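**Student:** My structure file coords_24.txt, compact mmCIF, C-alpha atoms and all ligand atoms, is below:
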```
# COMPACT_ATOMS: atom_id res chain seq x y z
CA MET A 1 -18.23 51.36 -80.93
CA GLY A 2 -20.30 54.50 -81.14
CA GLN A 3 -23.30 53.36 -79.18
CA ALA A 4 -23.59 52.92 -75.44
CA PRO A 5 -24.42 49.30 -74.63
CA VAL A 6 -27.43 48.01 -72.81
CA VAL A 7 -26.15 46.70 -69.53
CA TYR A 8 -28.00 44.16 -67.44
CA GLY A 9 -29.08 44.97 -63.93
CA GLN A 10 -28.73 48.68 -64.40
CA SER A 11 -31.29 51.44 -64.34
CA ASP A 12 -32.49 53.38 -67.37
CA ARG A 13 -29.64 55.81 -66.75
CA PRO A 14 -27.15 55.61 -69.61
CA PRO A 15 -23.73 54.31 -68.57
CA ARG A 16 -21.28 57.08 -67.91
CA GLY A 17 -18.16 55.98 -69.78
CA ASP A 18 -17.28 57.00 -73.31
CA TYR A 19 -17.90 53.86 -75.34
CA SER A 20 -16.74 55.47 -78.58
CA ARG A 21 -13.19 54.69 -77.33
CA ALA A 22 -13.88 50.96 -77.20
CA GLN A 23 -13.03 48.26 -79.69
CA GLU A 24 -15.33 45.42 -80.76
CA ASP A 25 -14.60 43.47 -77.57
CA TYR A 26 -15.31 46.59 -75.47
CA THR A 27 -11.72 46.99 -74.36
CA CYS A 28 -9.83 50.25 -74.79
CA ALA A 29 -6.44 51.68 -73.91
CA GLN A 30 -6.08 52.89 -70.32
CA ASP A 31 -6.19 56.64 -70.86
CA TYR A 32 -3.43 57.38 -68.37
CA ALA A 33 -2.80 60.92 -69.58
CA ALA A 34 -6.43 61.80 -68.86
CA TYR A 35 -6.02 61.42 -65.09
CA THR A 36 -5.66 64.72 -63.28
CA GLU A 37 -3.74 65.24 -60.06
CA ALA A 38 -7.14 65.39 -58.36
CA ASP A 39 -7.95 61.93 -59.77
CA HIS A 40 -4.70 60.50 -58.42
CA ASP A 41 -5.45 62.11 -55.09
CA THR A 42 -8.93 60.56 -54.99
CA TYR A 43 -7.39 57.13 -55.62
CA ARG A 44 -4.72 57.68 -52.95
CA ARG A 45 -7.31 58.69 -50.35
CA LEU A 46 -9.71 55.84 -51.21
CA TYR A 47 -6.87 53.33 -51.03
CA ALA A 48 -5.56 54.62 -47.70
CA ARG A 49 -8.98 54.66 -46.07
CA GLN A 50 -9.90 51.20 -47.27
CA LYS A 51 -6.55 49.60 -46.45
CA ALA A 52 -6.84 50.83 -42.86
CA LEU A 53 -10.26 49.16 -42.51
CA LEU A 54 -9.17 45.70 -43.65
CA PRO A 55 -7.66 44.10 -40.50
CA GLY A 56 -10.22 41.89 -38.81
CA LEU A 57 -12.75 42.35 -41.63
CA ALA A 58 -11.09 41.26 -44.88
CA SER A 59 -9.95 37.78 -45.81
CA GLN A 60 -6.27 37.25 -45.01
CA ALA A 61 -5.76 36.01 -48.57
CA PHE A 62 -6.95 39.40 -49.79
CA ILE A 63 -4.81 41.37 -47.33
CA ASP A 64 -1.75 39.37 -48.33
CA ALA A 65 -2.40 39.88 -52.06
CA LEU A 66 -3.16 43.61 -51.91
CA PRO A 67 0.47 44.80 -52.22
CA SER A 68 0.56 43.09 -55.63
CA LEU A 69 -1.33 46.12 -56.96
CA GLY A 70 1.89 48.13 -56.58
CA VAL A 71 1.66 51.89 -56.09
CA GLU A 72 -0.80 53.11 -53.46
CA ASP A 73 -0.44 56.83 -53.81
CA ARG A 74 -1.58 57.24 -57.40
CA ILE A 75 -3.59 55.37 -60.03
CA PRO A 76 -1.49 52.41 -61.19
CA ARG A 77 -0.68 51.71 -64.79
CA PHE A 78 -2.44 48.49 -65.83
CA GLU A 79 0.68 47.37 -67.66
CA ASP A 80 2.68 47.44 -64.41
CA ILE A 81 0.11 45.27 -62.64
CA ASN A 82 -0.01 42.92 -65.61
CA GLN A 83 3.70 42.16 -65.45
CA ARG A 84 3.14 40.64 -62.00
CA LEU A 85 -0.31 39.21 -62.65
CA ARG A 86 0.63 37.31 -65.82
CA GLN A 87 3.51 35.81 -63.91
CA ALA A 88 1.36 34.82 -60.93
CA THR A 89 -1.74 33.30 -62.54
CA GLY A 90 -1.70 34.03 -66.28
CA TRP A 91 -4.45 36.64 -65.86
CA GLU A 92 -4.27 40.18 -67.18
CA ILE A 93 -6.42 43.24 -66.71
CA VAL A 94 -7.80 45.16 -69.67
CA ALA A 95 -9.26 48.66 -69.65
CA VAL A 96 -12.95 49.21 -70.47
CA PRO A 97 -15.05 52.40 -70.51
CA GLY A 98 -17.41 51.02 -67.85
CA LEU A 99 -19.92 48.19 -67.49
CA ILE A 100 -20.12 46.00 -70.55
CA PRO A 101 -22.79 43.57 -71.77
CA GLU A 102 -22.80 39.98 -70.60
CA VAL A 103 -21.45 38.10 -73.59
CA PRO A 104 -18.31 40.24 -74.07
CA PHE A 105 -17.85 40.19 -70.28
CA PHE A 106 -18.02 36.40 -70.15
CA SER A 107 -15.71 36.10 -73.19
CA LEU A 108 -13.03 38.24 -71.56
CA LEU A 109 -13.18 36.23 -68.33
CA ALA A 110 -13.08 32.93 -70.23
CA ASN A 111 -9.80 34.20 -71.73
CA ARG A 112 -8.38 35.23 -68.34
CA LYS A 113 -8.81 38.94 -69.06
CA PHE A 114 -10.47 40.98 -66.34
CA PRO A 115 -12.14 44.20 -67.49
CA VAL A 116 -11.28 47.21 -65.33
CA THR A 117 -13.10 50.52 -65.74
CA ASP A 118 -10.45 53.17 -66.29
CA TRP A 119 -12.19 56.29 -64.95
CA ILE A 120 -12.36 57.32 -61.32
CA ARG A 121 -15.25 58.77 -59.31
CA LYS A 122 -15.54 62.49 -58.63
CA PRO A 123 -14.55 63.77 -55.17
CA GLU A 124 -18.23 64.29 -54.29
CA GLU A 125 -18.78 60.55 -54.93
CA PHE A 126 -16.03 59.58 -52.50
CA ASP A 127 -18.28 57.38 -50.33
CA TYR A 128 -20.61 56.03 -52.98
CA VAL A 129 -20.56 55.78 -56.75
CA VAL A 130 -23.45 54.23 -58.65
CA GLU A 131 -21.33 52.43 -61.25
CA PRO A 132 -18.12 50.51 -60.67
CA ASP A 133 -15.08 52.76 -61.18
CA ILE A 134 -11.37 52.01 -61.29
CA PHE A 135 -11.14 51.90 -57.51
CA HIS A 136 -13.83 49.25 -57.14
CA ASP A 137 -12.46 47.19 -60.00
CA LEU A 138 -8.79 47.35 -59.05
CA PHE A 139 -8.90 47.34 -55.28
CA GLY A 140 -11.91 45.04 -55.03
CA HIS A 141 -11.27 42.48 -57.74
CA VAL A 142 -7.67 42.36 -58.81
CA PRO A 143 -5.83 41.22 -55.63
CA LEU A 144 -7.63 37.86 -55.55
CA LEU A 145 -6.87 37.26 -59.23
CA PHE A 146 -3.36 36.64 -57.89
CA ASN A 147 -4.83 33.65 -55.99
CA PRO A 148 -4.66 30.50 -58.15
CA VAL A 149 -7.99 29.04 -56.99
CA ILE A 150 -9.95 32.27 -57.49
CA ALA A 151 -8.14 32.83 -60.79
CA ASP A 152 -9.45 29.49 -62.07
CA TYR A 153 -12.90 30.04 -60.58
CA VAL A 154 -13.37 33.35 -62.39
CA GLN A 155 -12.24 31.91 -65.71
CA ARG A 156 -14.63 28.99 -65.33
CA TYR A 157 -17.39 31.43 -64.44
CA GLY A 158 -16.76 33.17 -67.77
CA GLN A 159 -16.95 29.86 -69.63
CA GLY A 160 -20.09 28.97 -67.69
CA GLY A 161 -21.53 32.37 -68.60
CA LEU A 162 -21.20 31.70 -72.31
CA LYS A 163 -23.05 28.45 -71.78
CA ALA A 164 -25.69 30.10 -69.58
CA GLU A 165 -26.26 32.61 -72.35
CA ARG A 166 -27.15 29.79 -74.73
CA LEU A 167 -29.42 28.26 -72.10
CA GLY A 168 -31.13 31.53 -71.20
CA ALA A 169 -29.83 31.20 -67.64
CA CYS A 170 -27.69 34.33 -67.27
CA GLU A 171 -29.83 35.80 -64.55
CA MET A 172 -29.41 32.72 -62.36
CA LEU A 173 -25.68 32.54 -63.00
CA SER A 174 -25.10 36.23 -62.40
CA ARG A 175 -26.62 35.87 -58.95
CA LEU A 176 -23.89 33.39 -58.14
CA TYR A 177 -21.28 35.97 -59.21
CA TRP A 178 -23.02 38.62 -57.14
CA TYR A 179 -23.12 36.53 -53.98
CA THR A 180 -19.56 35.21 -54.33
CA ILE A 181 -17.17 37.42 -56.30
CA GLU A 182 -18.97 40.64 -55.40
CA PHE A 183 -20.43 40.02 -51.93
CA GLY A 184 -18.94 36.77 -50.68
CA LEU A 185 -17.96 36.05 -47.08
CA ILE A 186 -15.50 33.39 -45.93
CA ARG A 187 -14.84 31.72 -42.60
CA GLU A 188 -11.21 31.97 -41.51
CA GLN A 189 -10.17 30.45 -38.17
CA GLY A 190 -13.81 30.47 -37.14
CA GLU A 191 -14.31 34.17 -37.91
CA ILE A 192 -16.31 35.74 -40.72
CA ARG A 193 -14.25 37.74 -43.20
CA ALA A 194 -15.05 39.39 -46.55
CA TYR A 195 -13.61 38.35 -49.90
CA GLY A 196 -16.20 39.91 -52.25
CA ALA A 197 -15.10 42.98 -54.20
CA GLY A 198 -18.28 44.95 -53.58
CA ILE A 199 -17.72 44.63 -49.85
CA LEU A 200 -13.96 45.17 -49.87
CA SER A 201 -14.15 48.37 -51.90
CA SER A 202 -16.91 49.90 -49.75
CA SER A 203 -16.05 51.61 -46.49
CA GLY A 204 -19.58 51.26 -45.13
CA GLU A 205 -20.49 47.77 -46.29
CA LEU A 206 -17.26 46.17 -45.06
CA GLN A 207 -18.27 46.73 -41.46
CA HIS A 208 -21.95 45.95 -42.15
CA ALA A 209 -21.29 42.68 -43.96
CA VAL A 210 -18.90 41.27 -41.40
CA THR A 211 -20.14 42.57 -38.06
CA SER A 212 -23.70 43.89 -38.24
CA PRO A 213 -26.42 41.77 -36.58
CA LEU A 214 -28.92 42.86 -39.28
CA PRO A 215 -28.04 40.80 -42.39
CA GLN A 216 -28.39 37.04 -42.46
CA ARG A 217 -25.34 34.96 -43.28
CA LEU A 218 -26.08 31.57 -44.84
CA PRO A 219 -23.70 28.82 -45.90
CA LEU A 220 -23.21 29.00 -49.65
CA SER A 221 -25.67 26.89 -51.61
CA LEU A 222 -25.80 26.99 -55.40
CA GLU A 223 -29.54 26.63 -55.53
CA ARG A 224 -30.19 29.20 -52.82
CA THR A 225 -27.95 31.87 -54.38
CA MET A 226 -29.25 31.33 -57.90
CA ARG A 227 -32.82 31.83 -56.72
CA THR A 228 -32.12 34.97 -54.74
CA ARG A 229 -32.63 38.42 -56.22
CA TYR A 230 -30.24 41.17 -55.20
CA LYS A 231 -30.28 44.89 -54.64
CA ILE A 232 -27.65 47.00 -56.34
CA ASP A 233 -28.24 50.21 -54.40
CA THR A 234 -28.35 49.16 -50.72
CA TYR A 235 -26.20 47.03 -48.45
CA GLN A 236 -27.01 43.35 -48.90
CA GLN A 237 -29.51 41.77 -46.53
CA THR A 238 -28.25 38.25 -47.21
CA TYR A 239 -24.66 37.06 -47.54
CA PHE A 240 -23.37 33.59 -48.31
CA VAL A 241 -20.38 32.16 -46.46
CA ILE A 242 -17.79 29.71 -47.78
CA ASP A 243 -15.25 27.68 -45.78
CA ASP A 244 -12.42 28.22 -48.25
CA PHE A 245 -11.88 29.03 -51.92
CA GLN A 246 -11.49 25.38 -52.84
CA GLN A 247 -15.05 24.74 -51.65
CA LEU A 248 -16.29 27.43 -54.01
CA PHE A 249 -14.37 25.86 -56.86
CA ASP A 250 -15.58 22.34 -56.08
CA MET A 251 -19.22 23.34 -55.69
CA THR A 252 -19.29 24.96 -59.11
CA GLU A 253 -17.32 22.31 -60.94
CA GLY A 254 -20.25 20.27 -62.31
CA ASP A 255 -22.42 21.06 -65.31
CA PHE A 256 -25.10 23.59 -64.31
CA THR A 257 -27.53 22.58 -67.06
CA PRO A 258 -29.64 20.34 -64.78
CA VAL A 259 -29.41 22.86 -61.95
CA TYR A 260 -30.87 25.56 -64.17
CA ALA A 261 -33.62 23.22 -65.33
CA ALA A 262 -34.59 22.36 -61.76
CA LEU A 263 -34.55 25.98 -60.63
CA ARG A 264 -36.85 27.14 -63.40
CA GLY A 265 -39.64 25.30 -61.60
CA LEU A 266 -39.05 27.12 -58.30
CA PRO A 267 -40.05 30.62 -57.26
CA GLU A 268 -37.40 33.32 -56.90
CA LEU A 269 -36.55 34.55 -53.44
CA ALA A 270 -36.40 38.17 -52.33
CA ALA A 271 -33.08 39.66 -51.30
CA ASP A 272 -34.20 39.59 -47.67
CA ALA A 273 -35.98 36.20 -47.70
CA ARG A 274 -35.10 34.36 -44.48
CA GLY A 275 -33.52 30.93 -44.22
N1 LIG A 301 -19.88 24.62 -63.85
C1 LIG A 301 -20.69 25.70 -64.37
C2 LIG A 301 -21.52 25.24 -65.59
O1 LIG A 301 -21.49 24.14 -66.01
C3 LIG A 301 -19.82 26.88 -64.78
C4 LIG A 301 -19.25 27.62 -63.63
C5 LIG A 301 -17.97 27.38 -63.15
C6 LIG A 301 -19.99 28.62 -63.03
C7 LIG A 301 -17.46 28.11 -62.12
C8 LIG A 301 -19.49 29.33 -61.99
C9 LIG A 301 -18.21 29.09 -61.54
O2 LIG A 301 -22.25 26.02 -66.12
FE FE A 302 -17.39 44.35 -59.30
```
Using the file provided, produce a representation of the structure as structure tokens.
Ligand code: PHE
Ligand code: FE

**Tutor:**
Amino acid sequence: MGQAPVVYGQSDRPPRGDYSRAQEDYTCAQDYAAYTEADHDTYRRLYARQKALLPGLASQAFIDALPSLGVEDRIPRFEDINQRLRQATGWEIVAVPGLIPEVPFFSLLANRKFPVTDWIRKPEEFDYVVEPDIFHDLFGHVPLLFNPVIADYVQRYGQGGLKAERLGACEMLSRLYWYTIEFGLIREQGEIRAYGAGILSSSGELQHAVTSPLPQRLPLSLERTMRTRYKIDTYQQTYFVIDDFQQLFDMTEGDFTPVYAALRGLPELAADARG
């Protein structure tokens, strides 16, 4: 594919990956030989910093699943992770050059394939990178794909995405992904913990999301999340809290067609709208 794709929710900046490496479905081979020792060192340092922050802030399910990623001191080979992941939940990870358009993204998820960007941020982007890189995708997303309930939820999200595409409802549905898979909070033994990948892979937002008095934390509601816009370049001002993963699965089980229809008649809410 010679041309860089148009990616939803992004700025006018062209995506940074090399899409000429990708096949029709946007996947490519993980270019393992391209990683330098400096790249491996960046991964090792990101992993060590983030792992140390998890106790008391990350969901226990995530902490327990993290070792399934395997090596911590260099960039893992996707094939190694896949041997364990296929066994655990039937998922696999596939390399992509970066963000991909919605329909191929949904199709991969519907087939239990999770796209993982294969490049890593530069050392000067250690604290913040504008596009998801391999650290965000692997550390943030992949551990919970070992959890059977989340594994099924993400596949069903992909199937729901293909339907939303036909209904012109992708924007509403992608807000649900944003506020659950990317920025979701969960209550464990009465305490707030993070399970969203965007929180778990960010050293600053992990603390902010779980402990700061500034953001509001609402119980998850389908309608409320699907109406709420989000910011991609600041910490979230609103988070949604679930009681357990089964609740997330059960809430999203029904057909969204009537939900979308009802929401079309209602105004959107700003990222910081209260209540
Ligand atoms: N049930 C949703 C629909 O009918 C699909 C979905 C499942 C969305 C799981 C998110 C998570 O469209
Ligand atoms: Fe992500």

**Student:** Using all atoms listed in the file, list the residues that have an atom at most 12 Å from (-12.0, 43.9, -45.4), coordinates as in the file, as a PDB file with C-alpha atoms, keeping the file's coordinate frame.

**Tutor:**
```pdb
ATOM      1  CA  ARG A  49      -8.980  54.660 -46.070  1.00  0.00           C
ATOM      2  CA  GLN A  50      -9.900  51.200 -47.270  1.00  0.00           C
ATOM      3  CA  LYS A  51      -6.550  49.600 -46.450  1.00  0.00           C
ATOM      4  CA  ALA A  52      -6.840  50.830 -42.860  1.00  0.00           C
ATOM      5  CA  LEU A  53     -10.260  49.160 -42.510  1.00  0.00           C
ATOM      6  CA  LEU A  54      -9.170  45.700 -43.650  1.00  0.00           C
ATOM      7  CA  PRO A  55      -7.660  44.100 -40.500  1.00  0.00           C
ATOM      8  CA  GLY A  56     -10.220  41.890 -38.810  1.00  0.00           C
ATOM      9  CA  LEU A  57     -12.750  42.350 -41.630  1.00  0.00           C
ATOM     10  CA  ALA A  58     -11.090  41.260 -44.880  1.00  0.00           C
ATOM     11  CA  SER A  59      -9.950  37.780 -45.810  1.00  0.00           C
ATOM     12  CA  GLN A  60      -6.270  37.250 -45.010  1.00  0.00           C
ATOM     13  CA  ALA A  61      -5.760  36.010 -48.570  1.00  0.00           C
ATOM     14  CA  PHE A  62      -6.950  39.400 -49.790  1.00  0.00           C
ATOM     15  CA  ILE A  63      -4.810  41.370 -47.330  1.00  0.00           C
ATOM     16  CA  ASP A  64      -1.750  39.370 -48.330  1.00  0.00           C
ATOM     17  CA  LEU A  66      -3.160  43.610 -51.910  1.00  0.00           C
ATOM     18  CA  PHE A 139      -8.900  47.340 -55.280  1.00  0.00           C
ATOM     19  CA  GLY A 140     -11.910  45.040 -55.030  1.00  0.00           C
ATOM     20  CA  PHE A 183     -20.430  40.020 -51.930  1.00  0.00           C
ATOM     21  CA  GLY A 184     -18.940  36.770 -50.680  1.00  0.00           C
ATOM     22  CA  LEU A 185     -17.960  36.050 -47.080  1.00  0.00           C
ATOM     23  CA  ILE A 186     -15.500  33.390 -45.930  1.00  0.00           C
ATOM     24  CA  ILE A 192     -16.310  35.740 -40.720  1.00  0.00           C
ATOM     25  CA  ARG A 193     -14.250  37.740 -43.200  1.00  0.00           C
ATOM     26  CA  ALA A 194     -15.050  39.390 -46.550  1.00  0.00           C
ATOM     27  CA  TYR A 195     -13.610  38.350 -49.900  1.00  0.00           C
ATOM     28  CA  GLY A 196     -16.200  39.910 -52.250  1.00  0.00           C
ATOM     29  CA  ALA A 197     -15.100  42.980 -54.200  1.00  0.00           C
ATOM     30  CA  GLY A 198     -18.280  44.950 -53.580  1.00  0.00           C
ATOM     31  CA  ILE A 199     -17.720  44.630 -49.850  1.00  0.00           C
ATOM     32  CA  LEU A 200     -13.960  45.170 -49.870  1.00  0.00           C
ATOM     33  CA  SER A 201     -14.150  48.370 -51.900  1.00  0.00           C
ATOM     34  CA  SER A 202     -16.910  49.900 -49.750  1.00  0.00           C
ATOM     35  CA  SER A 203     -16.050  51.610 -46.490  1.00  0.00           C
ATOM     36  CA  GLY A 204     -19.580  51.260 -45.130  1.00  0.00           C
ATOM     37  CA  GLU A 205     -20.490  47.770 -46.290  1.00  0.00           C
ATOM     38  CA  LEU A 206     -17.260  46.170 -45.060  1.00  0.00           C
ATOM     39  CA  GLN A 207     -18.270  46.730 -41.460  1.00  0.00           C
ATOM     40  CA  HIS A 208     -21.950  45.950 -42.150  1.00  0.00           C
ATOM     41  CA  ALA A 209     -21.290  42.680 -43.960  1.00  0.00           C
ATOM     42  CA  VAL A 210     -18.900  41.270 -41.400  1.00  0.00           C
ATOM     43  CA  THR A 211     -20.140  42.570 -38.060  1.00  0.00           C
TER      44      THR A 211
END
```

**Student:** Where does chain A meet ligand LIG 301 (chain A) within 8 Å, residue by residue, with the nearest atom pair and distance in Å to one decimal for each, counting all atoms listed in the file, listed by chain and rising number, as JSON lines?

**Tutor:**
```
{"residue": "A:Tyr153", "atom": "CA", "partner": "A:LIG301", "partner_atom": "C7", "distance": 5.2}
{"residue": "A:Val154", "atom": "CA", "partner": "A:LIG301", "partner_atom": "C9", "distance": 6.5}
{"residue": "A:Gln155", "atom": "CA", "partner": "A:LIG301", "partner_atom": "C7", "distance": 7.4}
{"residue": "A:Arg156", "atom": "CA", "partner": "A:LIG301", "partner_atom": "C5", "distance": 4.3}
{"residue": "A:Tyr157", "atom": "CA", "partner": "A:LIG301", "partner_atom": "C9", "distance": 3.8}
{"residue": "A:Gly158", "atom": "CA", "partner": "A:LIG301", "partner_atom": "C6", "distance": 7.3}
{"residue": "A:Gln159", "atom": "CA", "partner": "A:LIG301", "partner_atom": "C3", "distance": 6.4}
{"residue": "A:Gly160", "atom": "CA", "partner": "A:LIG301", "partner_atom": "C3", "distance": 3.6}
{"residue": "A:Gly161", "atom": "CA", "partner": "A:LIG301", "partner_atom": "O2", "distance": 6.9}
{"residue": "A:Lys163", "atom": "CA", "partner": "A:LIG301", "partner_atom": "O2", "distance": 6.2}
{"residue": "A:Ala164", "atom": "CA", "partner": "A:LIG301", "partner_atom": "O2", "distance": 6.4}
{"residue": "A:Leu173", "atom": "CA", "partner": "A:LIG301", "partner_atom": "C6", "distance": 6.9}
{"residue": "A:Leu176", "atom": "CA", "partner": "A:LIG301", "partner_atom": "C8", "distance": 7.1}
{"residue": "A:Tyr177", "atom": "CA", "partner": "A:LIG301", "partner_atom": "C8", "distance": 7.4}
{"residue": "A:Leu248", "atom": "CA", "partner": "A:LIG301", "partner_atom": "C9", "distance": 7.9}
{"residue": "A:Phe249", "atom": "CA", "partner": "A:LIG301", "partner_atom": "C7", "distance": 6.5}
{"residue": "A:Thr252", "atom": "CA", "partner": "A:LIG301", "partner_atom": "C7", "distance": 4.7}
{"residue": "A:Glu253", "atom": "CA", "partner": "A:LIG301", "partner_atom": "N1", "distance": 4.5}
{"residue": "A:Gly254", "atom": "CA", "partner": "A:LIG301", "partner_atom": "N1", "distance": 4.6}
{"residue": "A:Asp255", "atom": "CA", "partner": "A:LIG301", "partner_atom": "O1", "distance": 3.3}
{"residue": "A:Phe256", "atom": "CA", "partner": "A:LIG301", "partner_atom": "O1", "distance": 4.0}
{"residue": "A:Thr257", "atom": "CA", "partner": "A:LIG301", "partner_atom": "O1", "distance": 6.3}
```

**Student:** Which residues, protein or nucleic acid, reach to within 7 Å of (-15.8, 41.0, -80.1) in the file's coordinates when using only C-alpha atoms, and can you give that as a ChimeraX atom specification?

**Tutor:** /A:24-25,104

**Student:** Those selected residues, please, written with C-alpha atoms and delivered as a PDB file, in the frame of the given file.

**Tutor:**
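The resulting out-v8.pdb:
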```pdb
ATOM      1  CA  GLU A  24     -15.330  45.420 -80.760  1.00  0.00           C
ATOM      2  CA  ASP A  25     -14.600  43.470 -77.570  1.00  0.00           C
ATOM      3  CA  PRO A 104     -18.310  40.240 -74.070  1.00  0.00           C
TER       4      PRO A 104
END
```

**Student:** What's around Ala29 (chain A) at 10 Å? Count only C-alpha atoms, leave out sequence neighbours fewer than 4 positions away in its own chain, and write the answer as a JSON list (two decimals) with C-alpha atoms, in the frame of the given file.

**Tutor:**
```
[["chain", "number", "residue", "atom", "x", "y", "z"],
["A", 21, "ARG", "CA", -13.19, 54.69, -77.33],
["A", 22, "ALA", "CA", -13.88, 50.96, -77.20],
["A", 23, "GLN", "CA", -13.03, 48.26, -79.69],
["A", 78, "PHE", "CA", -2.44, 48.49, -65.83],
["A", 94, "VAL", "CA", -7.80, 45.16, -69.67],
["A", 95, "ALA", "CA", -9.26, 48.66, -69.65],
["A", 96, "VAL", "CA", -12.95, 49.21, -70.47],
["A", 97, "PRO", "CA", -15.05, 52.40, -70.51],
["A", 118, "ASP", "CA", -10.45, 53.17, -66.29]]
```

**Student:** What separation in Å, quoted to one decimal, exists between CA of Arg175 (chain A) and CA of Leu46 (chain A)?

**Tutor:**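 That distance, rounded to one decimal, is 27.3 Å.
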
**Student:** Compile the contact shell of Val259 (chain A) as a short mmCIF file (atom, residue, chain, number, x, y, z; two decimals) with C-alpha atoms, in the frame of the given file: residues with an atom at most 10 Å away, counting only C-alpha atoms, same-chain residues fewer than 4 positions apart removed.

**Tutor:**
```cif
data_model
loop_
_atom_site.label_atom_id
_atom_site.label_comp_id
_atom_site.auth_asym_id
_atom_site.auth_seq_id
_atom_site.Cartn_x
_atom_site.Cartn_y
_atom_site.Cartn_z
CA MET A 172 -29.41 32.72 -62.36
CA LEU A 222 -25.80 26.99 -55.40
CA GLU A 223 -29.54 26.63 -55.53
CA MET A 226 -29.25 31.33 -57.90
CA GLY A 254 -20.25 20.27 -62.31
CA ASP A 255 -22.42 21.06 -65.31
CA LEU A 263 -34.55 25.98 -60.63
CA ARG A 264 -36.85 27.14 -63.40
#
```

**Student:** Go through A:Gln87, A:Thr180, A:Thr36, A:Ser107 and flag the residue nearest ligand FE 302 (chain A), using only C-alpha atoms and all ligand atoms for the distances.

**Tutor:**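 Between A:Gln87, A:Thr180, A:Thr36, A:Ser107, the residue approaching ligand FE 302 (chain A) most closely is A:Thr180.
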
**Student:** Considering all atoms listed in the file, return as a compact mmCIF listing (two decimals) with C-alpha atoms, keeping the file's coordinate frame whatever protein or nucleic-acid residues lie within 12 Å of Arg77 (chain A), sequence-local ones (same chain, fewer than 5 positions apart) excluded.

**Tutor:**
```
# COMPACT_ATOMS: atom_id res chain seq x y z
CA ALA A 29 -6.44 51.68 -73.91
CA GLN A 30 -6.08 52.89 -70.32
CA ASP A 31 -6.19 56.64 -70.86
CA TYR A 32 -3.43 57.38 -68.37
CA ALA A 33 -2.80 60.92 -69.58
CA TYR A 35 -6.02 61.42 -65.09
CA HIS A 40 -4.70 60.50 -58.42
CA LEU A 69 -1.33 46.12 -56.96
CA GLY A 70 1.89 48.13 -56.58
CA VAL A 71 1.66 51.89 -56.09
CA GLU A 72 -0.80 53.11 -53.46
CA ASN A 82 -0.01 42.92 -65.61
CA GLN A 83 3.70 42.16 -65.45
CA ILE A 93 -6.42 43.24 -66.71
CA VAL A 94 -7.80 45.16 -69.67
CA ALA A 95 -9.26 48.66 -69.65
CA VAL A 116 -11.28 47.21 -65.33
CA ASP A 118 -10.45 53.17 -66.29
CA ILE A 134 -11.37 52.01 -61.29
CA LEU A 138 -8.79 47.35 -59.05
```

**Student:** Which one of A:Gly190, A:Pro219, A:Pro15, A:Pro258 sits closest to Ala169 (chain A) if you count all atoms listed in the file?

**Tutor:**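 The shortest atom-to-atom distance to Ala169 (chain A) comes from A:Pro258.
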
**Student:** Nearest residue to Phe106 (chain A) out of A:Glu165, A:Tyr47, A:Arg227, A:Pro213, using only C-alpha atoms?

**Tutor:** A:Glu165

**Student:** Using Å and a single decimal, report how far CA of Phe105 (chain A) sits from CA of Arg13 (chain A).

**Tutor:**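 Between these atoms lies a distance of 19.9 Å.
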
**Student:** Add whatever atoms are absent from region 35-45 of chain A to reach N, CA and C atoms, and provide the output as a short mmCIF file (atom, residue, chain, number, x, y, z; two decimals), in the coordinates of the input.

**Tutor:**
```cif
data_model
loop_
_atom_site.label_atom_id
_atom_site.label_comp_id
_atom_site.auth_asym_id
_atom_site.auth_seq_id
_atom_site.Cartn_x
_atom_site.Cartn_y
_atom_site.Cartn_z
N TYR A 35 -5.86 61.25 -66.54
CA TYR A 35 -6.02 61.42 -65.09
C TYR A 35 -5.41 62.74 -64.64
N THR A 36 -6.16 63.46 -63.84
CA THR A 36 -5.66 64.72 -63.28
C THR A 36 -5.00 64.44 -61.93
N GLU A 37 -4.31 65.41 -61.40
CA GLU A 37 -3.74 65.24 -60.06
C GLU A 37 -4.85 64.99 -59.05
N ALA A 38 -6.00 65.62 -59.26
CA ALA A 38 -7.14 65.39 -58.36
C ALA A 38 -7.60 63.94 -58.43
N ASP A 39 -7.58 63.34 -59.62
CA ASP A 39 -7.95 61.93 -59.77
C ASP A 39 -6.98 61.04 -58.99
N HIS A 40 -5.70 61.30 -59.15
CA HIS A 40 -4.70 60.50 -58.42
C HIS A 40 -4.90 60.65 -56.92
N ASP A 41 -5.25 61.86 -56.51
CA ASP A 41 -5.45 62.11 -55.09
C ASP A 41 -6.69 61.38 -54.57
N THR A 42 -7.73 61.32 -55.37
CA THR A 42 -8.93 60.56 -54.99
C THR A 42 -8.56 59.09 -54.80
N TYR A 43 -7.80 58.54 -55.73
CA TYR A 43 -7.39 57.13 -55.62
C TYR A 43 -6.57 56.92 -54.35
N ARG A 44 -5.60 57.81 -54.12
CA ARG A 44 -4.72 57.68 -52.95
C ARG A 44 -5.54 57.69 -51.65
N ARG A 45 -6.52 58.58 -51.58
CA ARG A 45 -7.31 58.69 -50.35
C ARG A 45 -8.25 57.49 -50.19
#
```
